[in-house]
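S.K.: upload15.txt is reproduced below (compact mmCIF, C-alpha atoms).
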# COMPACT_ATOMS: atom_id res chain seq x y z
CA MET A 1 10.60 -11.68 4.63
CA TRP A 2 10.93 -10.02 1.25
CA CYS A 3 13.96 -9.36 -0.89
CA ALA A 4 14.37 -6.77 -3.64
CA PRO A 5 17.73 -7.30 -5.37
CA LEU A 6 19.29 -4.73 -7.65
CA PRO A 7 18.82 -5.67 -11.34
CA THR A 8 22.01 -6.90 -13.03
CA PRO A 9 22.69 -6.20 -16.73
CA GLY A 10 23.08 -9.02 -19.18
CA PRO A 11 21.11 -11.17 -21.61
CA ALA A 12 17.79 -12.57 -20.44
CA PRO A 13 18.19 -16.20 -19.34
CA ASP A 14 15.97 -19.07 -20.38
CA THR A 15 13.29 -19.01 -17.68
CA ALA A 16 10.97 -21.76 -18.88
CA PRO A 17 12.58 -24.56 -16.79
CA ALA A 18 12.74 -22.34 -13.69
CA GLN A 19 9.11 -21.26 -14.04
CA LYS A 20 8.03 -24.87 -14.45
CA LYS A 21 9.86 -25.91 -11.29
CA LEU A 22 8.65 -22.93 -9.28
CA LYS A 23 5.06 -23.81 -10.10
CA HIS A 24 5.29 -26.91 -7.94
CA LEU A 25 7.85 -25.81 -5.36
CA ARG A 26 7.05 -24.47 -1.92
CA VAL A 27 9.49 -23.49 0.77
CA ASP A 28 8.06 -23.51 4.29
CA ALA A 29 10.49 -22.66 7.08
CA THR A 30 7.88 -22.77 9.86
CA SER A 31 8.57 -26.39 10.71
CA MET A 32 12.26 -26.01 9.71
CA GLN A 33 11.89 -28.97 7.32
CA VAL A 34 13.74 -27.20 4.51
CA SER A 35 17.47 -27.74 4.37
CA LEU A 36 19.88 -25.01 3.32
CA PRO A 37 20.66 -26.65 -0.07
CA VAL A 38 16.94 -26.81 -0.88
CA ALA A 39 16.46 -23.14 0.05
CA MET A 40 19.50 -22.18 -2.03
CA THR A 41 18.13 -24.09 -5.02
CA TRP A 42 14.78 -22.35 -4.67
CA TRP A 43 16.36 -18.90 -4.54
CA ALA A 44 18.65 -19.71 -7.45
CA GLN A 45 15.55 -20.51 -9.49
CA ARG A 46 14.00 -17.25 -8.38
CA SER A 47 17.07 -15.33 -9.57
CA ALA A 48 16.59 -16.81 -13.06
CA LEU A 49 13.22 -15.12 -13.47
CA PRO A 50 13.17 -11.88 -15.53
CA ARG A 51 11.86 -9.63 -12.75
CA THR A 52 13.36 -6.47 -11.32
CA ARG A 53 11.90 -7.30 -7.93
CA ARG A 54 12.29 -10.89 -6.80
CA VAL A 55 10.08 -11.73 -3.89
CA GLY A 56 10.29 -14.64 -1.50
CA ARG A 57 8.30 -15.49 1.57
CA CYS A 58 9.81 -16.63 4.82
CA ARG A 59 7.57 -17.93 7.59
CA GLY A 60 10.33 -18.70 10.06
CA GLY A 61 9.70 -15.69 12.27
CA CYS A 62 12.69 -13.67 11.08
CA ALA A 63 11.28 -10.47 12.55
CA GLY A 64 11.90 -11.99 15.96
CA GLY A 65 15.60 -12.50 15.30
CA ARG A 66 15.51 -16.31 15.20
CA CYS A 67 17.69 -18.34 12.87
CA CYS A 68 16.12 -18.81 9.45
CA THR A 69 17.04 -21.27 6.71
CA CYS A 70 15.56 -19.06 4.02
CA ARG A 71 17.68 -16.09 5.09
CA SER A 72 20.86 -18.13 4.72
CA GLY A 73 19.73 -19.28 1.29
CA ILE A 74 19.03 -15.71 0.23
CA ARG A 75 22.44 -14.48 1.36
CA THR A 76 24.19 -17.27 -0.53
CA ALA A 77 22.14 -17.44 -3.74
CA LEU A 78 21.35 -13.71 -4.03
CA PRO A 79 24.26 -11.79 -2.47
CA ASP A 80 23.05 -8.47 -3.96
CA ALA A 81 19.53 -8.83 -2.60
CA ARG A 82 18.10 -6.35 -0.13
CA ILE A 83 16.09 -8.07 2.57
CA ALA A 84 12.98 -6.44 4.02
CA VAL A 85 11.12 -7.44 7.16
CA ASP A 86 7.38 -7.50 6.65
CA LYS A 87 5.57 -4.78 8.60
CA TRP A 88 2.83 -7.13 9.81
CA HIS A 89 5.33 -9.21 11.78
CA LEU A 90 6.76 -6.09 13.45
CA VAL A 91 3.29 -4.98 14.56
CA ALA A 92 2.66 -8.53 15.79
CA LEU A 93 5.82 -8.29 17.91
CA ALA A 94 4.60 -4.98 19.33
CA ASN A 95 1.19 -6.46 20.16
CA LEU A 96 2.91 -9.40 21.84
CA MET A 97 4.93 -6.94 23.91
CA VAL A 98 1.74 -5.16 25.04
CA THR A 99 0.14 -8.49 25.94
CA GLN A 100 3.17 -9.55 27.99
CA VAL A 101 3.12 -6.27 29.94
CA ARG A 102 -0.63 -6.58 30.55
CA GLN A 103 -0.25 -10.15 31.83
CA ARG A 104 2.63 -9.18 34.11
CA ILE A 105 0.75 -6.25 35.64
CA THR A 106 -2.35 -8.41 36.17
CA ARG A 107 -0.31 -11.07 38.00
CA GLN A 108 1.34 -8.42 40.16
CA LEU A 109 -1.98 -6.74 40.96
CA HIS A 110 -4.23 -9.76 41.49
CA GLY A 111 -1.80 -12.65 41.94
CA ARG A 112 -3.52 -14.60 39.15
CA ARG A 113 -4.29 -14.60 35.47
CA GLY A 114 -6.77 -12.16 34.01
CA THR A 115 -10.46 -13.05 34.03
CA ALA A 116 -13.62 -11.62 32.55
CA THR A 117 -14.18 -9.58 35.72
CA ASP A 118 -10.98 -7.60 35.07
CA LYS A 119 -11.52 -4.45 33.03
CA VAL A 120 -8.09 -4.64 31.40
CA TRP A 121 -8.61 -8.27 30.43
CA ALA A 122 -12.05 -7.46 29.00
CA SER A 123 -10.47 -4.63 26.99
CA ARG A 124 -7.44 -6.62 25.84
CA GLN A 125 -8.47 -6.47 22.17
CA LEU A 126 -8.69 -2.68 22.38
CA LEU A 127 -5.03 -2.62 23.42
CA LEU A 128 -4.12 -4.45 20.22
CA THR A 129 -6.22 -2.29 17.91
CA GLY A 130 -4.91 0.88 16.33
CA TYR A 131 -6.03 3.73 18.55
CA GLU A 132 -7.30 5.76 15.58
CA HIS A 133 -9.65 2.89 14.68
CA LEU A 134 -11.43 2.93 18.06
CA THR A 135 -14.83 4.54 18.39
CA VAL A 136 -15.59 7.16 21.02
CA LYS A 137 -17.27 4.55 23.20
CA GLN A 138 -14.33 2.15 22.84
CA LYS A 139 -11.85 4.89 23.73
CA ALA A 140 -13.83 5.68 26.88
CA ARG A 141 -13.81 1.98 27.89
CA PHE A 142 -10.11 1.80 27.06
CA ASN A 143 -9.24 4.79 29.27
CA ALA A 144 -11.47 3.55 32.10
CA ALA A 145 -9.80 0.14 32.10
CA LEU A 146 -6.31 1.66 32.33
CA ALA A 147 -7.39 4.09 35.05
CA ALA A 148 -8.81 1.24 37.14
CA GLU A 149 -6.17 -1.49 36.73
CA ASP A 150 -2.93 0.15 35.59
CA PRO A 151 -1.62 1.81 38.75
CA THR A 152 1.99 1.95 37.54
CA ASN A 153 1.01 3.27 34.08
CA GLU A 154 3.13 0.53 32.49
CA ILE A 155 0.38 -0.85 30.26
CA ALA A 156 -0.31 2.65 28.92
CA ALA A 157 3.42 3.16 28.31
CA ALA A 158 3.68 -0.14 26.43
CA HIS A 159 0.65 0.80 24.35
CA ALA A 160 2.26 4.16 23.53
CA VAL A 161 5.42 2.39 22.32
CA LYS A 162 3.33 0.11 20.12
CA GLU A 163 1.44 3.04 18.61
CA ARG A 164 4.66 4.92 17.86
CA LEU A 165 6.00 1.87 16.06
CA ARG A 166 2.84 1.78 13.95
CA LEU A 167 3.32 5.45 13.09
CA LEU A 168 6.91 4.69 12.09
CA LEU A 169 5.86 1.83 9.82
CA ALA A 170 3.33 4.08 8.05
CA GLU A 171 6.01 6.52 6.84
CA HIS A 172 7.87 6.45 3.53
CA GLN A 173 9.76 9.76 3.38
CA PRO A 174 13.29 9.70 4.89
CA HIS A 175 12.86 12.82 7.05
CA GLN A 176 9.55 11.54 8.45
CA ILE A 177 11.09 8.12 9.08
CA ARG A 178 13.91 9.71 11.10
CA ARG A 179 11.44 11.71 13.19
CA ARG A 180 9.18 8.74 13.88
CA LEU A 181 12.16 6.54 14.71
CA TYR A 182 13.34 9.04 17.31
CA ASP A 183 9.83 9.18 18.81
CA PHE A 184 9.73 5.37 19.02
CA TYR A 185 13.12 5.06 20.73
CA ASP A 186 12.26 7.94 23.07
CA ALA A 187 8.99 6.27 24.11
CA ALA A 188 10.77 2.94 24.64
CA ALA A 189 13.44 4.61 26.77
CA ARG A 190 10.86 6.47 28.86
CA ALA A 191 8.87 3.27 29.43
CA ASP A 192 12.02 1.64 30.86
CA MET A 193 10.65 -1.91 30.86
CA GLU A 194 12.23 -5.17 29.83
CA GLU A 195 9.52 -5.82 27.24
CA THR A 196 9.79 -2.43 25.53
CA SER A 197 13.59 -2.51 25.61
CA ARG A 198 13.54 -5.93 23.93
CA LEU A 199 11.28 -4.61 21.16
CA ALA A 200 13.51 -1.57 20.64
CA THR A 201 16.57 -3.84 20.45
CA THR A 202 14.86 -5.97 17.79
CA ILE A 203 14.03 -2.90 15.71
CA ASP A 204 17.60 -1.65 16.07
CA THR A 205 19.05 -5.04 15.06
CA TRP A 206 16.80 -5.32 12.02
CA TRP A 207 16.76 -1.63 11.09
CA PRO A 208 18.42 -2.05 7.62
CA ALA A 209 15.71 -4.55 6.67
CA VAL A 210 13.00 -2.36 8.23
CA LEU A 211 14.23 0.65 6.26
CA VAL A 212 14.05 -1.32 3.01
CA ALA A 213 10.46 -2.27 3.83
CA LEU A 214 9.57 1.38 4.44
CA THR A 215 11.30 2.90 1.41
CA GLU A 216 10.41 0.12 -1.05
CA ASP A 217 6.83 -0.20 0.28
CA VAL A 218 6.73 -4.00 -0.02
CA THR A 219 4.31 -6.19 1.88
CA ASN A 220 3.64 -9.87 2.42
CA ALA A 221 -0.09 -9.37 2.97
CA ARG A 222 -1.25 -10.98 -0.28
CA THR A 223 0.87 -14.08 0.29
CA GLU A 224 -0.39 -14.41 3.86
CA GLY A 225 -3.95 -14.09 2.57
CA PHE A 226 -3.51 -17.00 0.19
CA ASN A 227 -1.85 -19.00 2.96
CA ARG A 228 -4.91 -18.42 5.15
CA ILE A 229 -7.16 -19.73 2.37
CA ILE A 230 -5.01 -22.87 2.02
CA LYS A 231 -5.15 -23.58 5.75
CA GLN A 232 -8.87 -22.85 5.96
CA THR A 233 -9.59 -25.20 3.03
CA LYS A 234 -7.64 -27.98 4.71
CA ARG A 235 -9.39 -27.40 8.06
CA VAL A 236 -12.90 -27.37 6.54
CA GLY A 237 -12.19 -30.54 4.57
CA CYS A 238 -10.76 -32.25 7.68
CA GLY A 239 -7.64 -33.08 5.68
CA PHE A 240 -7.11 -34.39 2.16
CA THR A 241 -5.47 -37.68 1.17
CA ASN A 242 -5.54 -36.81 -2.52
CA MET A 243 -3.25 -33.88 -3.31
CA ASP A 244 -4.91 -33.28 -6.70
CA ASN A 245 -8.30 -32.83 -5.03
CA TYR A 246 -6.72 -30.62 -2.39
CA ARG A 247 -5.14 -28.43 -5.06
CA ARG A 248 -8.39 -28.19 -7.04
CA ARG A 249 -10.38 -27.24 -3.94
CA ILE A 250 -7.91 -24.45 -3.15
CA MET A 251 -8.01 -23.06 -6.68
CA VAL A 252 -11.83 -23.16 -6.76
CA HIS A 253 -12.04 -21.39 -3.40
CA ILE A 254 -9.65 -18.66 -4.58
CA ALA A 255 -11.51 -18.25 -7.88
CA LEU A 256 -14.87 -17.84 -6.11
CA THR A 257 -13.77 -15.57 -3.27
CA ARG A 258 -10.97 -13.49 -4.78
CA GLY A 259 -11.27 -11.03 -7.62
CA GLN A 260 -8.81 -11.28 -10.47
CA ARG A 261 -5.90 -8.91 -10.02
CA PRO A 262 -2.70 -8.51 -12.05
CA ALA A 263 0.37 -10.22 -10.67
CA ALA A 264 2.66 -8.05 -8.53
Using structure tokens, write down the structure from this file.
M.R.:
Amino acid sequence: MWCAPLPTPGPAPDTAPAQKKLKHLRVDATSMQVSLPVAMTWWAQRSALPRTRRVGRCRGGCAGGRCCTCRSGIRTALPDARIAVDKWHLVALANLMVTQVRQRITRQLHGRRGTATDKVWASRQLLLTGYEHLTVKQKARFNAALAAEDPTNEIAAAHAVKERLRLLLAEHQPHQIRRRLYDFYDAAARADMEETSRLATTIDTWWPAVLVALTEDVTNARTEGFNRIIKQTKRVGCGFTNMDNYRRRIMVHIALTRGQRPAA
């Protein structure tokens, strides 16, 4: 989750204490170990920074509509903030919807889970890849799998809904956003499945935050990339008992594998 509050006039505050605290503070809502007062304190420190766009990361799965401690902290500490749902999480929800439809159709057709002998199961990664990124050979395998093991055309309909959502998330102009949004809702209505209807309901519920993400063109990709490096470093080292060594290993890994770029 990202927030982009409107700048408020007034003298610049003293940010040195806040910057010092933020250097060592991390809010992780995945395990829900952060209380609301802690989240509010973190966001209050963020609001003290002299930036026109204050950005915070929430890993609590807000795109799915679940309760999030960070969101409550944002609303309380930054009432003028505009919250944006990260596009990656919306695409992940759409891919999950396609997977659920594929699994349901496979159970109905074969009475079991998918196996390597099933063409749709063997092509499951193609269903989750952007159609424009597929090669000619992959598109042929994709179409053959649906023709063989999608008798009700439900998997193809779910895939079409996912692709229309991706087209929507690629737009930035208001008139194009309106057109793509209509196409997405129309495809979801035509599919007439529980999974696609649930995805459309989620987009409708979170549409103000989705619209902010589209018009402001903000993304959480860089933060997620650094989070992947942190987890990979911990996994390769089989855990660290010394936090200083853990921190040094992360910084060395980032310095060697990532080029220097200006801060956002």
S.K.: Take CA of Asn227 in chain A and CA of Ala92 in chain A and report the distance between them in Å, one decimal.
M.R.: 17.2 Å
S.K.: Do you have the CA of Ala213 in chain A-CA of Ala255 in chain A distance handy?
M.R.: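 Between CA of Ala213 in chain A and CA of Ala255 in chain A the gap is 29.6 Å.
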S.K.: Go through A:Asp118, A:Thr233, A:Thr215, A:Phe240 and flag the residue nearest Val252 in chain A, using only C-alpha atoms for the distances.
M.R.: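 Smallest distance to Val252 in chain A is found for A:Thr233.
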S.K.: Using all atoms listed in the file, pick whichever of A:Tyr131, A:Ile74, A:Leu181, A:Glu149 has the shortest atom-to-atom distance to His110 in chain A.
M.R.: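 Among the listed residues, the smallest separation from His110 in chain A belongs to A:Glu149.
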S.K.: CA of Glu224 in chain A and CA of Val85 in chain A are how many Å apart?
M.R.: 13.9 Å
S.K.: Which residues come within 6 Å of range 161-175 of chain A, counting all atoms listed in the file, excluding same-chain residues fewer than 5 positions away, as a list in words?
M.R.: Ala94, Arg180, Phe184, Ala187, Ala188, Leu214 and Thr215 of chain A
